[in-house]
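Participant: Coordinates in model32.csv, CSV, C-alpha atoms, are listed below.
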chain,number,residue,atom,x,y,z
T,30,MET,CA,102.5,123.8,128.0
T,31,GLU,CA,99.2,122.3,127.0
T,32,PRO,CA,96.3,123.5,129.4
T,33,ARG,CA,94.6,120.8,131.5
T,34,GLY,CA,91.1,120.2,132.7
T,35,LEU,CA,88.2,121.7,130.8
T,36,MET,CA,90.3,124.2,129.0
T,37,GLY,CA,92.6,121.4,127.9
T,38,GLY,CA,89.7,119.5,126.5
T,39,PHE,CA,88.5,122.6,124.5
T,40,TYR,CA,92.1,123.1,123.3
T,41,ARG,CA,92.4,119.5,122.0
T,42,ILE,CA,89.0,119.7,120.3
T,43,SER,CA,89.9,123.0,118.6
T,44,GLU,CA,93.2,121.5,117.5
T,45,TRP,CA,91.4,118.5,115.9
T,46,ILE,CA,88.9,120.9,114.2
T,47,MET,CA,91.8,122.8,112.7
T,48,ARG,CA,93.6,119.7,111.5
T,49,LEU,CA,90.5,118.1,109.9
T,50,SER,CA,89.4,121.4,108.3
T,51,VAL,CA,92.9,122.2,106.9
T,52,ILE,CA,93.3,118.8,105.3
T,53,ASN,CA,89.7,118.8,103.9
T,54,VAL,CA,90.3,122.2,102.3
T,55,LEU,CA,93.6,121.0,100.8
T,56,TRP,CA,91.9,117.9,99.5
T,57,LEU,CA,89.2,120.1,97.8
T,58,ALA,CA,91.7,122.6,96.5
T,59,CYS,CA,93.8,119.9,94.8
T,60,SER,CA,90.6,118.5,93.3
T,61,ILE,CA,89.2,121.7,91.9
T,62,PRO,CA,88.4,120.4,88.4
T,63,PHE,CA,86.4,117.5,89.9
T,64,VAL,CA,84.7,119.9,92.4
T,65,PHE,CA,83.8,122.2,89.5
T,66,PHE,CA,82.0,119.6,87.5
T,67,ALA,CA,80.5,118.1,90.7
T,68,TRP,CA,79.0,121.5,91.4
T,69,GLY,CA,77.7,121.6,87.9
T,70,LEU,CA,76.1,118.2,88.6
T,71,VAL,CA,74.3,119.7,91.6
T,72,LEU,CA,73.0,122.6,89.5
T,73,SER,CA,72.0,120.4,86.5
T,74,GLN,CA,68.4,120.9,85.4
T,75,ASP,CA,68.0,118.1,82.9
T,76,VAL,CA,69.2,114.6,82.2
T,77,ASN,CA,71.7,115.7,79.5
T,78,GLN,CA,73.4,118.1,81.9
T,79,VAL,CA,73.6,115.4,84.5
T,80,TYR,CA,75.2,112.9,82.1
T,81,SER,CA,77.7,115.5,80.8
T,82,ALA,CA,78.7,116.5,84.4
T,83,LEU,CA,79.2,112.8,85.3
T,84,ILE,CA,81.3,112.2,82.2
T,85,PHE,CA,83.6,115.1,82.9
T,86,MET,CA,83.9,114.1,86.5
T,87,ALA,CA,85.0,110.6,85.5
T,88,ILE,CA,87.6,112.1,83.1
T,89,VAL,CA,89.3,114.4,85.6
T,90,ALA,CA,88.9,112.3,88.8
T,91,PRO,CA,91.9,110.0,88.3
T,92,PHE,CA,94.2,113.0,87.8
T,93,THR,CA,92.9,115.2,90.5
T,94,LEU,CA,90.5,113.6,93.1
T,95,PHE,CA,92.4,110.3,93.5
T,96,PRO,CA,95.9,111.8,94.1
T,97,ALA,CA,94.4,114.3,96.5
T,98,THR,CA,92.5,111.6,98.3
T,99,ALA,CA,95.7,109.6,98.6
T,100,ALA,CA,97.5,112.6,100.2
T,101,MET,CA,94.6,113.0,102.6
T,102,PHE,CA,94.9,109.3,103.6
T,103,ALA,CA,98.6,109.8,104.1
T,104,VAL,CA,97.9,112.4,106.8
T,105,ALA,CA,95.1,110.3,108.3
T,106,ARG,CA,97.6,107.4,108.6
T,107,LYS,CA,99.8,109.6,110.7
T,108,TRP,CA,96.9,110.6,112.9
T,109,VAL,CA,95.7,107.0,113.5
T,110,MET,CA,99.2,105.8,114.3
T,111,GLY,CA,99.6,108.4,117.0
T,112,GLU,CA,101.5,111.2,115.1
T,113,SER,CA,98.9,113.9,115.6
T,114,ASP,CA,101.3,116.8,115.5
T,115,VAL,CA,102.6,116.2,112.0
T,116,ALA,CA,103.2,119.2,109.7
T,117,LEU,CA,99.9,119.2,107.8
T,118,PHE,CA,101.0,121.0,104.6
T,119,LYS,CA,104.3,119.1,104.3
T,120,THR,CA,102.8,115.7,105.0
T,121,PHE,CA,99.9,116.3,102.6
T,122,PHE,CA,101.9,117.4,99.6
T,123,ARG,CA,104.6,114.8,100.3
T,124,GLY,CA,101.9,112.2,100.2
T,125,TYR,CA,100.4,113.8,97.0
T,126,LYS,CA,103.8,113.7,95.2
T,127,GLU,CA,104.9,110.2,96.4
T,128,ASN,CA,101.6,108.5,95.6
T,129,TYR,CA,100.4,110.4,92.5
T,130,LYS,CA,101.3,107.8,89.9
T,131,GLN,CA,99.8,104.8,91.7
T,132,ALA,CA,96.7,106.8,92.8
T,133,MET,CA,96.2,107.9,89.2
T,134,LEU,CA,96.5,104.4,87.8
T,135,GLY,CA,94.3,103.0,90.5
T,136,GLY,CA,91.9,105.9,89.9
T,137,ILE,CA,91.6,105.0,86.2
T,138,ILE,CA,90.7,101.4,87.0
T,139,TYR,CA,88.2,102.3,89.8
T,140,THR,CA,86.6,105.1,87.7
T,141,ILE,CA,85.9,102.6,84.9
T,142,LEU,CA,84.5,100.0,87.3
T,143,LEU,CA,82.4,102.6,89.1
T,144,ALA,CA,81.1,103.9,85.7
T,145,ILE,CA,80.1,100.4,84.7
T,146,MET,CA,78.3,99.8,88.0
T,147,ILE,CA,76.4,103.1,87.8
T,148,VAL,CA,75.4,102.5,84.1
T,149,ASP,CA,74.2,99.0,84.9
T,150,PHE,CA,72.2,100.3,87.9
T,151,ILE,CA,70.6,103.0,85.7
T,152,VAL,CA,69.7,100.5,83.0
T,153,TYR,CA,68.3,97.8,85.3
T,154,ARG,CA,66.6,99.8,88.0
T,155,GLU,CA,63.4,100.0,86.0
T,156,GLN,CA,63.5,96.5,84.6
T,157,LEU,CA,64.3,94.3,87.6
T,158,ASN,CA,64.4,95.7,91.2
T,159,LEU,CA,66.3,92.8,92.6
T,160,LEU,CA,69.1,93.1,90.1
T,161,SER,CA,69.4,96.9,90.8
T,162,TYR,CA,69.8,96.2,94.5
T,163,ILE,CA,72.6,93.7,93.6
T,164,PHE,CA,74.4,96.4,91.7
T,165,ILE,CA,74.0,98.8,94.7
T,166,ALA,CA,75.6,96.1,96.9
T,167,PHE,CA,78.5,95.7,94.5
T,168,LEU,CA,78.8,99.5,94.2
T,169,VAL,CA,79.1,99.8,98.0
T,170,LEU,CA,81.7,97.0,98.1
T,171,LEU,CA,83.7,98.7,95.4
T,172,VAL,CA,83.7,102.0,97.3
T,173,VAL,CA,84.8,100.3,100.5
T,174,SER,CA,87.6,98.5,98.5
T,175,LEU,CA,88.6,102.0,97.2
T,176,PHE,CA,89.0,103.2,100.8
T,177,ASN,CA,91.1,100.1,101.5
T,178,PHE,CA,93.1,100.8,98.3
T,179,PHE,CA,94.0,104.3,99.6
T,180,SER,CA,94.8,102.9,103.0
T,181,MET,CA,97.2,100.3,101.6
T,182,LEU,CA,98.7,102.7,99.2
T,183,VAL,CA,99.9,105.0,102.0
T,184,HIS,CA,100.8,102.1,104.3
T,185,TYR,CA,102.6,99.6,102.1
T,186,HIS,CA,105.1,99.6,99.3
T,187,MET,CA,103.4,97.5,96.7
T,188,LYS,CA,102.8,97.5,92.9
T,189,THR,CA,99.5,99.0,91.8
T,190,PHE,CA,98.0,95.6,90.8
T,191,GLN,CA,98.9,94.1,94.1
T,192,LEU,CA,97.3,97.0,95.9
T,193,LEU,CA,94.1,96.6,93.9
T,194,LYS,CA,94.0,92.9,94.4
T,195,ASN,CA,94.6,93.0,98.1
T,196,ALA,CA,92.1,95.9,98.6
T,197,VAL,CA,89.4,93.7,97.0
T,198,LEU,CA,90.5,90.6,99.0
T,199,ILE,CA,90.4,92.5,102.3
T,200,THR,CA,87.1,94.0,101.6
T,201,ILE,CA,85.5,90.6,100.8
T,202,GLY,CA,87.5,88.7,103.5
T,203,LYS,CA,86.5,91.1,106.3
T,204,PRO,CA,82.8,91.7,105.7
T,205,PHE,CA,82.0,93.1,109.1
T,206,ARG,CA,84.8,95.6,108.9
T,207,SER,CA,83.7,96.5,105.4
T,208,LEU,CA,80.2,96.9,106.5
T,209,SER,CA,81.2,99.1,109.4
T,210,THR,CA,83.3,101.3,107.1
T,211,ALA,CA,80.4,101.6,104.7
T,212,ILE,CA,78.0,102.6,107.6
T,213,MET,CA,80.4,105.1,109.1
T,214,SER,CA,81.2,106.7,105.8
T,215,GLY,CA,77.5,106.7,104.8
T,216,ALA,CA,76.6,108.4,108.1
T,217,VAL,CA,79.2,111.1,107.6
T,218,MET,CA,77.9,111.8,104.0
T,219,TYR,CA,74.3,111.8,105.2
T,220,PHE,CA,75.0,114.4,107.9
T,221,SER,CA,77.1,116.4,105.4
T,222,THR,CA,74.0,116.7,103.2
T,223,ARG,CA,72.0,117.9,106.2
T,224,PHE,CA,74.6,120.3,107.5
T,225,THR,CA,76.4,121.4,104.3
T,226,PHE,CA,79.2,123.3,106.1
T,227,LEU,CA,80.7,119.8,106.8
T,228,ILE,CA,81.4,119.2,103.1
T,229,PRO,CA,84.1,121.9,102.6
T,230,PHE,CA,85.6,121.5,106.0
T,231,PHE,CA,85.2,118.0,107.5
T,232,MET,CA,83.5,115.4,105.3
T,233,GLY,CA,86.5,114.0,103.4
T,234,SER,CA,89.0,114.2,106.2
T,235,ILE,CA,86.6,112.5,108.7
T,236,ILE,CA,85.8,109.7,106.2
T,237,ALA,CA,89.6,109.2,105.6
T,238,TYR,CA,90.3,109.0,109.3
T,239,LEU,CA,87.5,106.5,110.0
T,240,ALA,CA,88.4,104.4,106.9
T,241,PHE,CA,92.1,104.2,107.8
T,242,TRP,CA,91.3,103.5,111.4
T,243,ASN,CA,89.1,100.6,110.4
T,244,PHE,CA,91.8,99.3,108.0
T,245,HIS,CA,94.5,99.7,110.7
T,246,LEU,CA,92.5,97.4,113.0
T,247,ILE,CA,92.5,94.8,110.2
T,248,TYR,CA,96.2,95.3,109.7
T,249,VAL,CA,97.0,94.9,113.4
T,250,LYS,CA,94.9,91.7,113.6
T,251,LEU,CA,96.6,90.3,110.5
T,252,GLN,CA,100.0,91.1,112.0
T,253,ASP,CA,99.1,89.4,115.3
T,254,GLN,CA,98.0,86.3,113.3
T,255,ALA,CA,101.2,86.3,111.3
T,256,GLU,CA,103.3,86.6,114.5
T,257,LYS,CA,101.4,83.7,116.1
T,258,ALA,CA,101.9,81.6,113.1
T,259,ARG,CA,105.6,82.5,113.0
T,260,LEU,CA,106.0,81.6,116.7
T,261,ALA,CA,104.1,78.3,116.2
T,262,GLU,CA,106.4,77.4,113.3
T,263,GLU,CA,109.5,78.2,115.4
T,264,GLU,CA,108.2,76.1,118.2
T,265,GLU,CA,107.5,73.2,115.8
T,266,ALA,CA,111.0,73.6,114.4
T,267,GLU,CA,112.5,73.6,117.9
T,268,LYS,CA,110.5,70.5,118.8
T,269,ALA,CA,111.7,68.7,115.6
T,270,ALA,CA,115.3,69.7,116.2
T,271,GLU,CA,115.0,68.4,119.8
T,272,MET,CA,113.6,65.1,118.6
T,273,ASP,CA,116.4,64.8,116.0
T,274,ARG,CA,118.9,65.5,118.8
T,275,ILE,CA,117.4,62.8,121.0
T,276,ASP,CA,117.4,60.3,118.2
T,277,LEU,CA,121.0,61.1,117.5
T,278,VAL,CA,121.9,60.6,121.1
T,279,LYS,CA,120.1,57.3,121.1
T,280,ASP,CA,121.9,56.2,118.0
T,281,ASP,CA,125.3,57.1,119.5
T,282,SER,CA,124.4,55.2,122.7
T,283,ASN,CA,123.4,52.1,120.7
T,284,SER,CA,126.6,52.3,118.7
T,285,THR,CA,128.7,52.6,121.9
T,286,SER,CA,127.0,49.7,123.6
T,287,LYS,CA,127.7,47.5,120.6
In structure tokens, write the structure found in this file.
Facilitator:
Amino acid sequence: MEPRGLMGGFYRISEWIMRLSVINVLWLACSIPFVFFAWGLVLSQDVNQVYSALIFMAIVAPFTLFPATAAMFAVARKWVMGESDVALFKTFFRGYKENYKQAMLGGIIYTILLAIMIVDFIVYREQLNLLSYIFIAFLVLLVVSLFNFFSMLVHYHMKTFQLLKNAVLITIGKPFRSLSTAIMSGAVMYFSTRFTFLIPFFMGSIIAYLAFWNFHLIYVKLQDQAEKARLAEEEEAEKAAEMDRIDLVKDDSNSTSK
């Protein structure tokens, strides 16, 4: 039996700390090649080492980081939808296996786009400040659409191109939600750089939870709108059928009177 009162609160907090930390550690463990080169980036002492680390990170990311992130989002989906007591290891590795191919393909496309944005930013940041800020804005939108891509990947059964297209459309079509996702994720990353213990234990899993939670709000709203539209169509159809029935009765009455 779960304890109540103050002890119950501590118990629930400790459970969530355990859940978030386990999934974050699994995420990093399945992304070891990417983490290795990312650590090399942190320790880089000259520009050539930075560029080399970024290139190797881009090469390994679609095959390691992206499938692991999809698996983490699969667990976050369960949590957001009320299934907080799911088997962490089983759910994570099932999500990893089931979504690996689409996560890899989407990862290749997103890696190319991110690389283009980063290169453009580096090229133009010294030449024209305004243009560099535009590239930063596009980069933020691209990252938010990536979060929506992972959320849709674990929530829908769609082809990869449809997932990519809908992730971009939702990001652009829901600017306030996109902005809130960017702000929350940015805040988590900022505090993670200040308190570095958050990176290995909480950073990724918290961002995944918040990103899917925000996406789920969009999903619920779209479902409500679709349901209202369906009910309106049914009501219109019933009205049209009723009018046809009345007209038919009138025609029969006119025929009888004649």
Participant: Enter the distance from CA of Ile228 in chain T to CA of Ser50 in chain T, in Å, rounded to one decimal.
Facilitator: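 CA of Ile228 in chain T sits 9.8 Å away from CA of Ser50 in chain T.
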Participant: So, counting only C-alpha atoms, which residue among T:Ala196, T:Arg48, T:Tyr185, T:Ala87 is closest to Ala116 in chain T?
Facilitator: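 Using only C-alpha atoms, Ala116 in chain T sits closest to T:Arg48.
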Participant: Of the residues T:Leu208, T:Ala105, T:Ala269, T:Ile84, which is the one nearest to His245 in chain T, using all atoms listed in the file?
Facilitator: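 Answer, going by the shortest atom-to-atom distance: T:Ala105.
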Participant: Rounded to one decimal, what separation in Å do you get between CA of Met218 in chain T and CA of Lys194 in chain T?
Facilitator: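 So the two atoms, CA of Met218 in chain T and CA of Lys194 in chain T, lie 26.6 Å apart.
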Participant: Residues at most 12 Å from Gly202 in chain T, counting only C-alpha atoms, excluding those fewer than 5 positions away in the same chain, as a PyMOL selection string?
Facilitator: chain T and resi 170+174+194-197+207-208+247+251
Participant: Can you pull out the residues contacting range 56-62 of chain T? Cut-off 12 Å, using only C-alpha atoms, and skip same-chain residues under 4 positions away; I want them as an MDAnalysis selection string.
Facilitator: chainID T and resid 49:52 66:69 82 85:104 117:118 121:122 124:126 129 228:235 237
Participant: With C-alpha atoms retained, could you export that selection as a short mmCIF file (atom, residue, chain, number, x, y, z; two decimals), keeping the file's coordinate frame?
Facilitator:
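Final output, saved to out.cif:
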data_model
loop_
_atom_site.label_atom_id
_atom_site.label_comp_id
_atom_site.auth_asym_id
_atom_site.auth_seq_id
_atom_site.Cartn_x
_atom_site.Cartn_y
_atom_site.Cartn_z
CA LEU T 49 90.50 118.10 109.90
CA SER T 50 89.40 121.40 108.30
CA VAL T 51 92.90 122.20 106.90
CA ILE T 52 93.30 118.80 105.30
CA PHE T 66 82.00 119.60 87.50
CA ALA T 67 80.50 118.10 90.70
CA TRP T 68 79.00 121.50 91.40
CA GLY T 69 77.70 121.60 87.90
CA ALA T 82 78.70 116.50 84.40
CA PHE T 85 83.60 115.10 82.90
CA MET T 86 83.90 114.10 86.50
CA ALA T 87 85.00 110.60 85.50
CA ILE T 88 87.60 112.10 83.10
CA VAL T 89 89.30 114.40 85.60
CA ALA T 90 88.90 112.30 88.80
CA PRO T 91 91.90 110.00 88.30
CA PHE T 92 94.20 113.00 87.80
CA THR T 93 92.90 115.20 90.50
CA LEU T 94 90.50 113.60 93.10
CA PHE T 95 92.40 110.30 93.50
CA PRO T 96 95.90 111.80 94.10
CA ALA T 97 94.40 114.30 96.50
CA THR T 98 92.50 111.60 98.30
CA ALA T 99 95.70 109.60 98.60
CA ALA T 100 97.50 112.60 100.20
CA MET T 101 94.60 113.00 102.60
CA PHE T 102 94.90 109.30 103.60
CA ALA T 103 98.60 109.80 104.10
CA VAL T 104 97.90 112.40 106.80
CA LEU T 117 99.90 119.20 107.80
CA PHE T 118 101.00 121.00 104.60
CA PHE T 121 99.90 116.30 102.60
CA PHE T 122 101.90 117.40 99.60
CA GLY T 124 101.90 112.20 100.20
CA TYR T 125 100.40 113.80 97.00
CA LYS T 126 103.80 113.70 95.20
CA TYR T 129 100.40 110.40 92.50
CA ILE T 228 81.40 119.20 103.10
CA PRO T 229 84.10 121.90 102.60
CA PHE T 230 85.60 121.50 106.00
CA PHE T 231 85.20 118.00 107.50
CA MET T 232 83.50 115.40 105.30
CA GLY T 233 86.50 114.00 103.40
CA SER T 234 89.00 114.20 106.20
CA ILE T 235 86.60 112.50 108.70
CA ALA T 237 89.60 109.20 105.60
#
Participant: For CA of Gln131 in chain T and CA of Phe190 in chain T, quote the distance in Å rounded to one decimal.
Facilitator: 9.4 Å
Participant: Using all atoms listed in the file, can you tell me which of T:Leu83, T:Arg206, T:Ala240, T:Ile165 comes closest to Leu70 in chain T?
Facilitator: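 Among the listed residues, the smallest separation from Leu70 in chain T belongs to T:Leu83.
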Participant: Using only C-alpha atoms, find the one residue out of T:Ser73, T:Phe63, T:Leu134, T:Arg106 that sits nearest to Tyr238 in chain T.
Facilitator: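 Answer, going by the shortest atom-to-atom distance: T:Arg106.
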Participant: Please supply range 177-188 of chain T, rebuilt with all heavy atoms, as a CSV table (one decimal), in the coordinates of the input.
Facilitator:
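What ended up in out-v6.csv:
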chain,number,residue,atom,x,y,z
T,177,ASN,N,90.0,101.0,101.1
T,177,ASN,CA,91.1,100.1,101.5
T,177,ASN,C,92.3,100.2,100.6
T,177,ASN,O,93.5,100.1,101.0
T,177,ASN,CB,90.7,98.6,101.5
T,177,ASN,CG,89.8,98.3,102.7
T,177,ASN,OD1,89.9,98.8,103.8
T,177,ASN,ND2,88.8,97.4,102.5
T,178,PHE,N,92.1,100.5,99.3
T,178,PHE,CA,93.1,100.8,98.3
T,178,PHE,C,94.0,102.0,98.8
T,178,PHE,O,95.2,101.9,98.8
T,178,PHE,CB,92.5,101.0,96.9
T,178,PHE,CG,93.5,101.6,95.9
T,178,PHE,CD1,94.5,100.7,95.4
T,178,PHE,CD2,93.5,102.9,95.6
T,178,PHE,CE1,95.4,101.2,94.5
T,178,PHE,CE2,94.4,103.4,94.7
T,178,PHE,CZ,95.4,102.6,94.1
T,179,PHE,N,93.3,103.1,99.1
T,179,PHE,CA,94.0,104.3,99.6
T,179,PHE,C,94.8,104.0,100.9
T,179,PHE,O,95.9,104.4,101.0
T,179,PHE,CB,93.0,105.4,99.8
T,179,PHE,CG,92.6,106.1,98.5
T,179,PHE,CD1,91.2,106.2,98.3
T,179,PHE,CD2,93.5,106.6,97.6
T,179,PHE,CE1,90.8,106.8,97.1
T,179,PHE,CE2,93.0,107.2,96.5
T,179,PHE,CZ,91.7,107.3,96.2
T,180,SER,N,94.2,103.2,101.8
T,180,SER,CA,94.8,102.9,103.0
T,180,SER,C,96.1,102.1,102.8
T,180,SER,O,97.1,102.3,103.4
T,180,SER,CB,93.9,102.1,104.0
T,180,SER,OG,92.7,102.9,104.3
T,181,MET,N,96.0,101.1,101.9
T,181,MET,CA,97.2,100.3,101.6
T,181,MET,C,98.2,101.0,100.8
T,181,MET,O,99.4,100.8,101.0
T,181,MET,CB,96.7,99.0,100.9
T,181,MET,CG,95.8,98.1,101.7
T,181,MET,SD,95.3,96.6,100.8
T,181,MET,CE,96.8,95.7,100.8
T,182,LEU,N,97.7,101.9,100.0
T,182,LEU,CA,98.7,102.7,99.2
T,182,LEU,C,99.6,103.5,100.0
T,182,LEU,O,100.8,103.6,99.8
T,182,LEU,CB,97.9,103.6,98.2
T,182,LEU,CG,98.7,104.7,97.4
T,182,LEU,CD1,99.6,104.0,96.5
T,182,LEU,CD2,97.7,105.6,96.6
T,183,VAL,N,99.1,104.1,101.1
T,183,VAL,CA,99.9,105.0,102.0
T,183,VAL,C,100.6,104.2,103.1
T,183,VAL,O,101.5,104.8,103.8
T,183,VAL,CB,99.1,106.1,102.6
T,183,VAL,CG1,98.5,107.0,101.5
T,183,VAL,CG2,98.0,105.6,103.5
T,184,HIS,N,100.3,102.9,103.2
T,184,HIS,CA,100.8,102.1,104.3
T,184,HIS,C,101.8,101.1,103.9
T,184,HIS,O,102.7,100.7,104.6
T,184,HIS,CB,99.7,101.4,105.1
T,184,HIS,CG,100.1,100.9,106.4
T,184,HIS,ND1,100.4,101.8,107.5
T,184,HIS,CD2,100.1,99.7,106.9
T,184,HIS,CE1,100.7,101.1,108.5
T,184,HIS,NE2,100.6,99.8,108.2
T,185,TYR,N,101.7,100.6,102.6
T,185,TYR,CA,102.6,99.6,102.1
T,185,TYR,C,103.4,100.1,100.9
T,185,TYR,O,103.0,101.1,100.3
T,185,TYR,CB,101.8,98.3,101.7
T,185,TYR,CG,101.2,97.6,102.8
T,185,TYR,CD1,99.8,97.6,103.0
T,185,TYR,CD2,101.9,96.8,103.7
T,185,TYR,CE1,99.2,96.9,104.0
T,185,TYR,CE2,101.3,96.1,104.7
T,185,TYR,CZ,99.9,96.1,104.9
T,185,TYR,OH,99.3,95.4,105.9
T,186,HIS,N,104.4,99.4,100.6
T,186,HIS,CA,105.1,99.6,99.3
T,186,HIS,C,104.8,98.4,98.4
T,186,HIS,O,105.5,97.4,98.5
T,186,HIS,CB,106.7,99.7,99.5
T,186,HIS,CG,107.0,101.0,100.3
T,186,HIS,ND1,107.0,102.2,99.7
T,186,HIS,CD2,107.4,101.2,101.6
T,186,HIS,CE1,107.3,103.1,100.6
T,186,HIS,NE2,107.6,102.5,101.7
T,187,MET,N,103.9,98.5,97.6
T,187,MET,CA,103.4,97.5,96.7
T,187,MET,C,103.2,98.0,95.3
T,187,MET,O,103.1,99.2,95.1
T,187,MET,CB,102.1,96.9,97.1
T,187,MET,CG,102.1,96.1,98.4
T,187,MET,SD,100.5,95.3,98.8
T,187,MET,CE,100.9,94.5,100.3
T,188,LYS,N,103.2,97.1,94.3
T,188,LYS,CA,102.8,97.5,92.9
T,188,LYS,C,101.3,97.7,92.9
T,188,LYS,O,100.6,97.2,93.7
T,188,LYS,CB,103.2,96.4,92.0
T,188,LYS,CG,104.7,96.2,91.9
T,188,LYS,CD,105.1,95.1,90.8
T,188,LYS,CE,106.6,95.0,90.7
T,188,LYS,NZ,107.0,93.9,89.7
